[in-house]
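Reproduced below: work11.txt, with compact mmCIF, N, CA and C atoms.
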```txt
# COMPACT_ATOMS: atom_id res chain seq x y z
N MET A 1 4.79 12.95 -10.07
CA MET A 1 3.72 12.31 -10.81
C MET A 1 4.09 10.88 -11.20
N VAL A 2 5.36 10.69 -11.59
CA VAL A 2 5.81 9.36 -11.97
C VAL A 2 5.74 8.41 -10.78
N GLY A 3 6.19 8.88 -9.64
CA GLY A 3 6.14 8.06 -8.44
C GLY A 3 4.72 7.70 -8.05
N SER A 4 3.82 8.66 -8.14
CA SER A 4 2.41 8.39 -7.83
C SER A 4 1.82 7.37 -8.79
N PHE A 5 2.10 7.55 -10.08
CA PHE A 5 1.61 6.60 -11.07
C PHE A 5 2.16 5.21 -10.78
N ASN A 6 3.47 5.11 -10.54
CA ASN A 6 4.09 3.80 -10.28
C ASN A 6 3.49 3.15 -9.04
N THR A 7 3.25 3.95 -8.01
CA THR A 7 2.67 3.41 -6.78
C THR A 7 1.27 2.88 -7.03
N LEU A 8 0.44 3.66 -7.72
CA LEU A 8 -0.92 3.21 -8.02
C LEU A 8 -0.94 2.02 -8.97
N PHE A 9 -0.10 2.06 -9.98
CA PHE A 9 -0.03 0.96 -10.93
C PHE A 9 0.46 -0.31 -10.24
N GLY A 10 1.52 -0.19 -9.45
CA GLY A 10 2.09 -1.35 -8.77
C GLY A 10 1.12 -1.96 -7.76
N TYR A 11 0.53 -1.11 -6.93
CA TYR A 11 -0.43 -1.63 -5.94
C TYR A 11 -1.68 -2.16 -6.65
N GLY A 12 -2.12 -1.47 -7.68
CA GLY A 12 -3.30 -1.92 -8.42
C GLY A 12 -3.10 -3.29 -9.05
N SER A 13 -1.94 -3.51 -9.66
CA SER A 13 -1.69 -4.82 -10.27
C SER A 13 -1.62 -5.90 -9.21
N PHE A 14 -1.01 -5.58 -8.07
CA PHE A 14 -0.96 -6.53 -6.95
C PHE A 14 -2.36 -6.86 -6.47
N ALA A 15 -3.20 -5.85 -6.25
CA ALA A 15 -4.55 -6.07 -5.74
C ALA A 15 -5.41 -6.85 -6.73
N VAL A 16 -5.34 -6.50 -8.00
CA VAL A 16 -6.14 -7.20 -9.01
C VAL A 16 -5.71 -8.67 -9.10
N LEU A 17 -4.40 -8.92 -9.15
CA LEU A 17 -3.92 -10.30 -9.23
C LEU A 17 -4.25 -11.08 -7.96
N THR A 18 -4.16 -10.43 -6.81
CA THR A 18 -4.53 -11.10 -5.56
C THR A 18 -5.99 -11.53 -5.61
N ALA A 19 -6.86 -10.63 -6.06
CA ALA A 19 -8.29 -10.95 -6.16
C ALA A 19 -8.56 -12.05 -7.18
N LEU A 20 -7.90 -11.99 -8.33
CA LEU A 20 -8.12 -13.00 -9.36
C LEU A 20 -7.61 -14.38 -8.95
N LEU A 21 -6.49 -14.41 -8.23
CA LEU A 21 -5.89 -15.68 -7.82
C LEU A 21 -6.50 -16.25 -6.54
N SER A 22 -7.21 -15.41 -5.79
CA SER A 22 -7.75 -15.81 -4.50
C SER A 22 -8.60 -17.09 -4.55
N PRO A 23 -9.49 -17.25 -5.53
CA PRO A 23 -10.27 -18.49 -5.55
C PRO A 23 -9.46 -19.71 -6.00
N LEU A 24 -8.28 -19.47 -6.54
CA LEU A 24 -7.50 -20.56 -7.13
C LEU A 24 -6.38 -21.09 -6.25
N VAL A 25 -5.75 -20.19 -5.49
CA VAL A 25 -4.60 -20.60 -4.68
C VAL A 25 -4.65 -19.95 -3.30
N PRO A 26 -4.17 -20.67 -2.29
CA PRO A 26 -4.09 -20.04 -0.96
C PRO A 26 -2.97 -19.00 -0.96
N ALA A 27 -3.07 -18.04 -0.08
CA ALA A 27 -2.07 -16.95 0.01
C ALA A 27 -1.82 -16.36 -1.38
N SER A 28 -2.90 -16.01 -2.05
CA SER A 28 -2.80 -15.52 -3.44
C SER A 28 -1.95 -14.27 -3.58
N TYR A 29 -1.72 -13.57 -2.48
CA TYR A 29 -0.90 -12.36 -2.53
C TYR A 29 0.56 -12.68 -2.85
N LEU A 30 1.02 -13.88 -2.53
CA LEU A 30 2.42 -14.23 -2.84
C LEU A 30 2.64 -14.45 -4.34
N PRO A 31 1.84 -15.30 -5.00
CA PRO A 31 2.03 -15.39 -6.46
C PRO A 31 1.70 -14.08 -7.16
N ALA A 32 0.79 -13.28 -6.59
CA ALA A 32 0.47 -11.99 -7.19
C ALA A 32 1.71 -11.10 -7.24
N ILE A 33 2.49 -11.10 -6.16
CA ILE A 33 3.73 -10.31 -6.14
C ILE A 33 4.68 -10.81 -7.23
N LEU A 34 4.83 -12.13 -7.33
CA LEU A 34 5.78 -12.69 -8.30
C LEU A 34 5.37 -12.41 -9.74
N ILE A 35 4.09 -12.41 -10.01
CA ILE A 35 3.62 -12.15 -11.37
C ILE A 35 3.68 -10.66 -11.70
N ALA A 36 3.26 -9.83 -10.75
CA ALA A 36 3.19 -8.38 -11.01
C ALA A 36 4.56 -7.72 -11.05
N SER A 37 5.51 -8.23 -10.29
CA SER A 37 6.80 -7.55 -10.14
C SER A 37 7.54 -7.27 -11.45
N PRO A 38 7.71 -8.23 -12.35
CA PRO A 38 8.45 -7.91 -13.59
C PRO A 38 7.79 -6.81 -14.41
N ILE A 39 6.48 -6.81 -14.45
CA ILE A 39 5.75 -5.78 -15.19
C ILE A 39 5.92 -4.43 -14.49
N ASN A 40 5.70 -4.42 -13.19
CA ASN A 40 5.80 -3.17 -12.43
C ASN A 40 7.21 -2.59 -12.46
N ILE A 41 8.21 -3.45 -12.39
CA ILE A 41 9.60 -2.99 -12.43
C ILE A 41 9.89 -2.31 -13.76
N THR A 42 9.46 -2.92 -14.86
CA THR A 42 9.72 -2.36 -16.18
C THR A 42 8.98 -1.04 -16.39
N VAL A 43 7.73 -0.97 -15.97
CA VAL A 43 6.96 0.28 -16.09
C VAL A 43 7.63 1.38 -15.26
N ALA A 44 8.00 1.05 -14.03
CA ALA A 44 8.66 2.03 -13.16
C ALA A 44 10.00 2.47 -13.75
N PHE A 45 10.77 1.53 -14.24
CA PHE A 45 12.07 1.84 -14.83
C PHE A 45 11.92 2.86 -15.95
N LEU A 46 11.00 2.62 -16.86
CA LEU A 46 10.85 3.53 -18.00
C LEU A 46 10.38 4.91 -17.55
N GLY A 47 9.45 4.95 -16.63
CA GLY A 47 8.99 6.24 -16.12
C GLY A 47 10.09 7.03 -15.45
N TYR A 48 10.85 6.36 -14.60
CA TYR A 48 11.95 7.05 -13.92
C TYR A 48 13.05 7.46 -14.90
N LYS A 49 13.36 6.59 -15.84
CA LYS A 49 14.43 6.89 -16.81
C LYS A 49 14.06 8.09 -17.69
N TRP A 50 12.84 8.07 -18.22
CA TRP A 50 12.45 9.10 -19.17
C TRP A 50 12.03 10.42 -18.53
N PHE A 51 11.38 10.35 -17.36
CA PHE A 51 10.77 11.57 -16.82
C PHE A 51 11.38 12.11 -15.54
N VAL A 52 12.06 11.27 -14.75
CA VAL A 52 12.59 11.74 -13.47
C VAL A 52 14.09 11.98 -13.57
N PHE A 53 14.84 10.92 -13.84
CA PHE A 53 16.30 11.04 -13.86
C PHE A 53 16.84 11.45 -15.22
N ARG A 54 16.04 11.24 -16.28
CA ARG A 54 16.35 11.67 -17.65
C ARG A 54 17.76 11.31 -18.11
N THR A 55 18.12 10.08 -17.86
CA THR A 55 19.45 9.62 -18.28
C THR A 55 19.38 9.21 -19.75
N LYS A 56 20.52 9.24 -20.39
CA LYS A 56 20.62 8.89 -21.81
C LYS A 56 21.32 7.54 -21.94
N GLY A 57 20.84 6.72 -22.87
CA GLY A 57 21.48 5.45 -23.14
C GLY A 57 21.45 4.53 -21.93
N ASN A 58 22.38 3.59 -21.88
CA ASN A 58 22.58 2.67 -20.75
C ASN A 58 21.31 1.91 -20.35
N TYR A 59 20.41 1.66 -21.28
CA TYR A 59 19.15 1.01 -20.92
C TYR A 59 19.36 -0.30 -20.19
N PHE A 60 20.18 -1.19 -20.72
CA PHE A 60 20.33 -2.51 -20.11
C PHE A 60 21.01 -2.40 -18.74
N LYS A 61 22.05 -1.62 -18.65
CA LYS A 61 22.76 -1.45 -17.38
C LYS A 61 21.84 -0.87 -16.31
N GLU A 62 21.11 0.18 -16.65
CA GLU A 62 20.21 0.80 -15.68
C GLU A 62 19.03 -0.11 -15.34
N TRP A 63 18.53 -0.85 -16.33
CA TRP A 63 17.42 -1.76 -16.08
C TRP A 63 17.84 -2.89 -15.14
N THR A 64 19.04 -3.44 -15.34
CA THR A 64 19.50 -4.50 -14.44
C THR A 64 19.73 -3.96 -13.03
N ARG A 65 20.21 -2.73 -12.92
CA ARG A 65 20.35 -2.12 -11.59
C ARG A 65 18.98 -1.88 -10.97
N CYS A 66 18.04 -1.48 -11.78
CA CYS A 66 16.67 -1.26 -11.31
C CYS A 66 16.07 -2.57 -10.80
N ILE A 67 16.30 -3.64 -11.54
CA ILE A 67 15.84 -4.96 -11.11
C ILE A 67 16.45 -5.31 -9.76
N ALA A 68 17.73 -5.04 -9.58
CA ALA A 68 18.40 -5.35 -8.31
C ALA A 68 17.74 -4.61 -7.15
N VAL A 69 17.45 -3.34 -7.34
CA VAL A 69 16.80 -2.55 -6.27
C VAL A 69 15.41 -3.11 -5.98
N TYR A 70 14.60 -3.26 -7.02
CA TYR A 70 13.24 -3.73 -6.81
C TYR A 70 13.19 -5.19 -6.36
N LEU A 71 14.13 -6.01 -6.81
CA LEU A 71 14.15 -7.40 -6.39
C LEU A 71 14.42 -7.51 -4.89
N SER A 72 15.32 -6.69 -4.38
CA SER A 72 15.58 -6.73 -2.94
C SER A 72 14.32 -6.30 -2.17
N SER A 73 13.61 -5.34 -2.69
CA SER A 73 12.36 -4.91 -2.07
C SER A 73 11.30 -6.01 -2.17
N THR A 74 11.22 -6.66 -3.31
CA THR A 74 10.26 -7.74 -3.51
C THR A 74 10.54 -8.91 -2.58
N LEU A 75 11.81 -9.27 -2.43
CA LEU A 75 12.17 -10.37 -1.53
C LEU A 75 11.78 -10.03 -0.09
N GLY A 76 11.99 -8.79 0.30
CA GLY A 76 11.56 -8.36 1.62
C GLY A 76 10.06 -8.49 1.79
N SER A 77 9.32 -8.13 0.75
CA SER A 77 7.86 -8.26 0.80
C SER A 77 7.42 -9.71 0.89
N LEU A 78 8.11 -10.59 0.18
CA LEU A 78 7.76 -12.01 0.22
C LEU A 78 7.96 -12.59 1.63
N VAL A 79 8.93 -12.05 2.36
CA VAL A 79 9.18 -12.52 3.72
C VAL A 79 8.23 -11.86 4.72
N LEU A 80 8.07 -10.54 4.61
CA LEU A 80 7.31 -9.79 5.61
C LEU A 80 5.80 -9.82 5.40
N LEU A 81 5.36 -9.94 4.16
CA LEU A 81 3.92 -9.90 3.88
C LEU A 81 3.14 -11.01 4.59
N PRO A 82 3.58 -12.26 4.56
CA PRO A 82 2.82 -13.29 5.29
C PRO A 82 2.72 -13.01 6.80
N ILE A 83 3.77 -12.45 7.37
CA ILE A 83 3.75 -12.11 8.79
C ILE A 83 2.73 -11.00 9.05
N LEU A 84 2.77 -10.00 8.20
CA LEU A 84 1.85 -8.87 8.34
C LEU A 84 0.41 -9.30 8.09
N VAL A 85 0.19 -10.13 7.09
CA VAL A 85 -1.16 -10.63 6.80
C VAL A 85 -1.68 -11.43 7.99
N ALA A 86 -0.86 -12.32 8.54
CA ALA A 86 -1.28 -13.12 9.69
C ALA A 86 -1.58 -12.23 10.90
N THR A 87 -0.76 -11.22 11.11
CA THR A 87 -0.99 -10.29 12.22
C THR A 87 -2.32 -9.57 12.06
N LEU A 88 -2.60 -9.08 10.87
CA LEU A 88 -3.86 -8.39 10.61
C LEU A 88 -5.05 -9.35 10.70
N HIS A 89 -4.84 -10.56 10.22
CA HIS A 89 -5.92 -11.55 10.21
C HIS A 89 -6.25 -12.01 11.63
N TYR A 90 -5.25 -12.49 12.34
CA TYR A 90 -5.50 -13.06 13.65
C TYR A 90 -5.50 -12.02 14.77
N GLY A 91 -4.65 -11.03 14.68
CA GLY A 91 -4.56 -10.03 15.73
C GLY A 91 -5.65 -8.98 15.68
N PHE A 92 -6.13 -8.67 14.46
CA PHE A 92 -7.12 -7.61 14.32
C PHE A 92 -8.44 -8.10 13.72
N GLY A 93 -8.54 -9.41 13.48
CA GLY A 93 -9.79 -9.99 12.99
C GLY A 93 -10.13 -9.67 11.55
N MET A 94 -9.16 -9.20 10.79
CA MET A 94 -9.42 -8.91 9.38
C MET A 94 -9.40 -10.22 8.60
N GLN A 95 -10.35 -10.38 7.75
CA GLN A 95 -10.42 -11.60 6.97
C GLN A 95 -9.86 -11.36 5.57
N LYS A 96 -10.74 -11.06 4.65
CA LYS A 96 -10.34 -10.90 3.25
C LYS A 96 -9.54 -9.63 2.99
N SER A 97 -9.66 -8.63 3.85
CA SER A 97 -8.96 -7.37 3.61
C SER A 97 -7.50 -7.39 4.07
N ALA A 98 -7.10 -8.37 4.84
CA ALA A 98 -5.74 -8.41 5.39
C ALA A 98 -4.65 -8.34 4.32
N PRO A 99 -4.71 -9.12 3.23
CA PRO A 99 -3.64 -9.02 2.23
C PRO A 99 -3.57 -7.65 1.56
N TYR A 100 -4.72 -7.03 1.37
CA TYR A 100 -4.75 -5.73 0.70
C TYR A 100 -4.18 -4.63 1.59
N LEU A 101 -4.54 -4.64 2.86
CA LEU A 101 -3.99 -3.65 3.79
C LEU A 101 -2.51 -3.89 4.00
N ALA A 102 -2.11 -5.15 4.15
CA ALA A 102 -0.69 -5.47 4.30
C ALA A 102 0.09 -5.02 3.07
N GLY A 103 -0.46 -5.26 1.89
CA GLY A 103 0.19 -4.81 0.66
C GLY A 103 0.32 -3.31 0.60
N ALA A 104 -0.70 -2.60 1.06
CA ALA A 104 -0.64 -1.13 1.08
C ALA A 104 0.43 -0.65 2.06
N LEU A 105 0.52 -1.28 3.21
CA LEU A 105 1.55 -0.90 4.18
C LEU A 105 2.96 -1.16 3.64
N MET A 106 3.13 -2.30 2.99
CA MET A 106 4.44 -2.62 2.40
C MET A 106 4.76 -1.67 1.24
N THR A 107 3.74 -1.23 0.52
CA THR A 107 3.94 -0.28 -0.57
C THR A 107 4.50 1.03 -0.04
N GLY A 108 3.99 1.47 1.10
CA GLY A 108 4.50 2.71 1.71
C GLY A 108 5.98 2.63 2.01
N PHE A 109 6.42 1.52 2.56
CA PHE A 109 7.84 1.32 2.82
C PHE A 109 8.61 1.24 1.50
N GLY A 110 8.06 0.51 0.55
CA GLY A 110 8.73 0.30 -0.73
C GLY A 110 8.96 1.58 -1.51
N VAL A 111 8.03 2.51 -1.43
CA VAL A 111 8.16 3.78 -2.15
C VAL A 111 9.45 4.49 -1.74
N ILE A 112 9.68 4.59 -0.46
CA ILE A 112 10.88 5.28 0.04
C ILE A 112 12.14 4.49 -0.28
N TYR A 113 12.13 3.22 0.04
CA TYR A 113 13.29 2.36 -0.19
C TYR A 113 13.68 2.34 -1.67
N ASN A 114 12.69 2.15 -2.53
CA ASN A 114 12.98 2.03 -3.96
C ASN A 114 13.46 3.35 -4.56
N PHE A 115 12.87 4.48 -4.15
CA PHE A 115 13.31 5.75 -4.72
C PHE A 115 14.79 5.99 -4.43
N PHE A 116 15.20 5.81 -3.19
CA PHE A 116 16.60 6.05 -2.86
C PHE A 116 17.52 5.03 -3.51
N GLY A 117 17.07 3.80 -3.62
CA GLY A 117 17.86 2.79 -4.33
C GLY A 117 18.04 3.14 -5.79
N LEU A 118 16.97 3.61 -6.42
CA LEU A 118 17.04 4.01 -7.82
C LEU A 118 17.95 5.22 -8.00
N LYS A 119 17.78 6.21 -7.13
CA LYS A 119 18.56 7.44 -7.24
C LYS A 119 20.05 7.20 -6.99
N LYS A 120 20.37 6.43 -5.97
CA LYS A 120 21.77 6.23 -5.56
C LYS A 120 22.46 5.10 -6.31
N PHE A 121 21.69 4.17 -6.89
CA PHE A 121 22.32 3.01 -7.53
C PHE A 121 21.93 2.86 -8.99
N SER A 122 20.65 2.72 -9.28
CA SER A 122 20.23 2.42 -10.65
C SER A 122 20.53 3.52 -11.64
N PHE A 123 20.24 4.76 -11.27
CA PHE A 123 20.40 5.88 -12.20
C PHE A 123 21.52 6.82 -11.78
N ARG A 124 22.44 6.34 -10.98
CA ARG A 124 23.54 7.22 -10.56
C ARG A 124 24.39 7.58 -11.77
N ASN A 125 24.97 8.75 -11.70
CA ASN A 125 25.83 9.22 -12.77
C ASN A 125 27.25 8.73 -12.48
N ASP A 126 27.67 7.70 -13.21
CA ASP A 126 28.99 7.12 -12.97
C ASP A 126 30.13 8.09 -13.29
N ARG A 127 29.84 9.13 -14.05
CA ARG A 127 30.88 10.10 -14.41
C ARG A 127 30.95 11.28 -13.45
N ALA A 128 30.04 11.35 -12.48
CA ALA A 128 30.05 12.46 -11.53
C ALA A 128 31.30 12.41 -10.68
N GLY A 129 31.91 13.53 -10.50
CA GLY A 129 33.10 13.61 -9.66
C GLY A 129 34.39 13.27 -10.38
N GLN A 130 34.31 12.98 -11.67
CA GLN A 130 35.54 12.64 -12.41
C GLN A 130 36.11 13.88 -13.06
```
Would you mind writing the file out in structure tokens?
Amino acid sequence: MVGSFNTLFGYGSFAVLTALLSPLVPASYLPAILIASPINITVAFLGYKWFVFRTKGNYFKEWTRCIAVYLSSTLGSLVLLPILVATLHYGFGMQKSAPYLAGALMTGFGVIYNFFGLKKFSFRNDRAGQ
């Protein structure tokens, strides 16, 4: 449930910001990612910490690790999204829907990548195996 909420919240904030910024800036999906990411990362972090991994304490340490995982995913999106948007726009004739479909496709990849990054890095039990 937490993952579904995070996915809907994250994609929703991206889509809303893309739509709001569209009349103001070209490639509005890029600033939308930059604006939405800090909010989405924090919401996801709290959901995963409290309801999925249920770790105690270590808020700052786990949050910074969470930022590292999501930041690497965000940087990948900033590089790949323009390529994917252009492919959808020019290759498939999609006009205004290209950023939204590209964002949805990148979200699918991000869900898997981020979950394993969070599980293996952000919320790992440093005392396991000791």
Fill in: Leu71 in chain A surroundings by only C-alpha atoms, 12 Å radius, close-in-sequence under 4 positions cut, as JSON, numbers by chain
{"A": [33, 34, 36, 37, 38, 40, 41, 42, 63, 64, 65, 66, 67, 75, 76, 77, 78, 110, 113, 114, 117, 118]}
Item to complete: Kindly give the distance, in Å, that separates atom N of Leu8 in chain A and atom C of Phe115 in chain A, rounded to a single decimal.
Response: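 Going from atom N of Leu8 in chain A over to atom C of Phe115 in chain A covers 14.9 Å.
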Worksheet item: Quick one: distance from atom N of Leu20 in chain A to atom C of Ala32 in chain A in Å, one decimal?
Response: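 Between these atoms lies a distance of 9.7 Å.
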Practice prompt. Measuring atom to atom with only C-alpha atoms, identify which of A:Leu105, A:Ala27, A:Arg124, A:Phe53 is nearest to Ala86 in chain A.
Written response: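 The closest residue to Ala86 in chain A is A:Ala27.
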Worksheet item: For Ala102 in chain A, which of A:Val69, A:Leu46, A:Val85, A:Ile39 is the closest residue, counting only C-alpha atoms?
Response: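 Under the stated criterion, the closest residue is A:Val85.
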Fill in: Expected answer as a PyMOL selection string: helix (DSSP H, G or I) residues in chain A
chain A and resi 2-21+29-52+59-92+98-122
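Separating atom C of Phe123 in chain A from atom N of Thr107 in chain A is a distance of 23.1 Å.
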Worksheet item: In terms of the shortest atom-to-atom distance over only N, CA and C atoms, which of A:Arg54, A:Leu17, A:Leu84, A:Ile35 is closest to Pro99 in chain A?
Response: A:Leu84
Discussion item. List the spatial neighbours of Asn6 in chain A as a list in words - criterion: any atom at most 7 Å away, only C-alpha atoms, same-chain residues fewer than 4 positions off excluded.
Written reply: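 Answer for this query is Val2, Gly10 and Ala44 of chain A.
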Worksheet item: Which residue gives the smallest distance to Val52 in chain A among A:Leu81, A:Gly3, A:Thr87, A:Ala68, with all atoms listed in the file counted?
Response: A:Gly3
Worksheet item: Of the residues A:Ser72, A:Lys56, A:Phe116, A:Thr7, which is the one nearest to Gly103 in chain A, using only C-alpha atoms?
Response: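 Ranking A:Ser72, A:Lys56, A:Phe116, A:Thr7 by distance to Gly103 in chain A, first place goes to A:Thr7.
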Discussion item. Can you tell me which residues surround Thr18 in chain A at a distance of at most 7 Å, considering all atoms listed in the file, apart from same-chain residues fewer than 3 positions away, and format the answer as a count of residues only?
Written reply: 12
Centre and edge lengths of an axis-aligned box around all listed atoms of range 113-116 of chain A, with 4 Å added on each side, are to be given in Å to one decimal, as JSON.
```
{"center_x": 14.8, "center_y": 4.0, "center_z": -2.3, "size_x": 13.4, "size_y": 12.0, "size_z": 12.8}
```
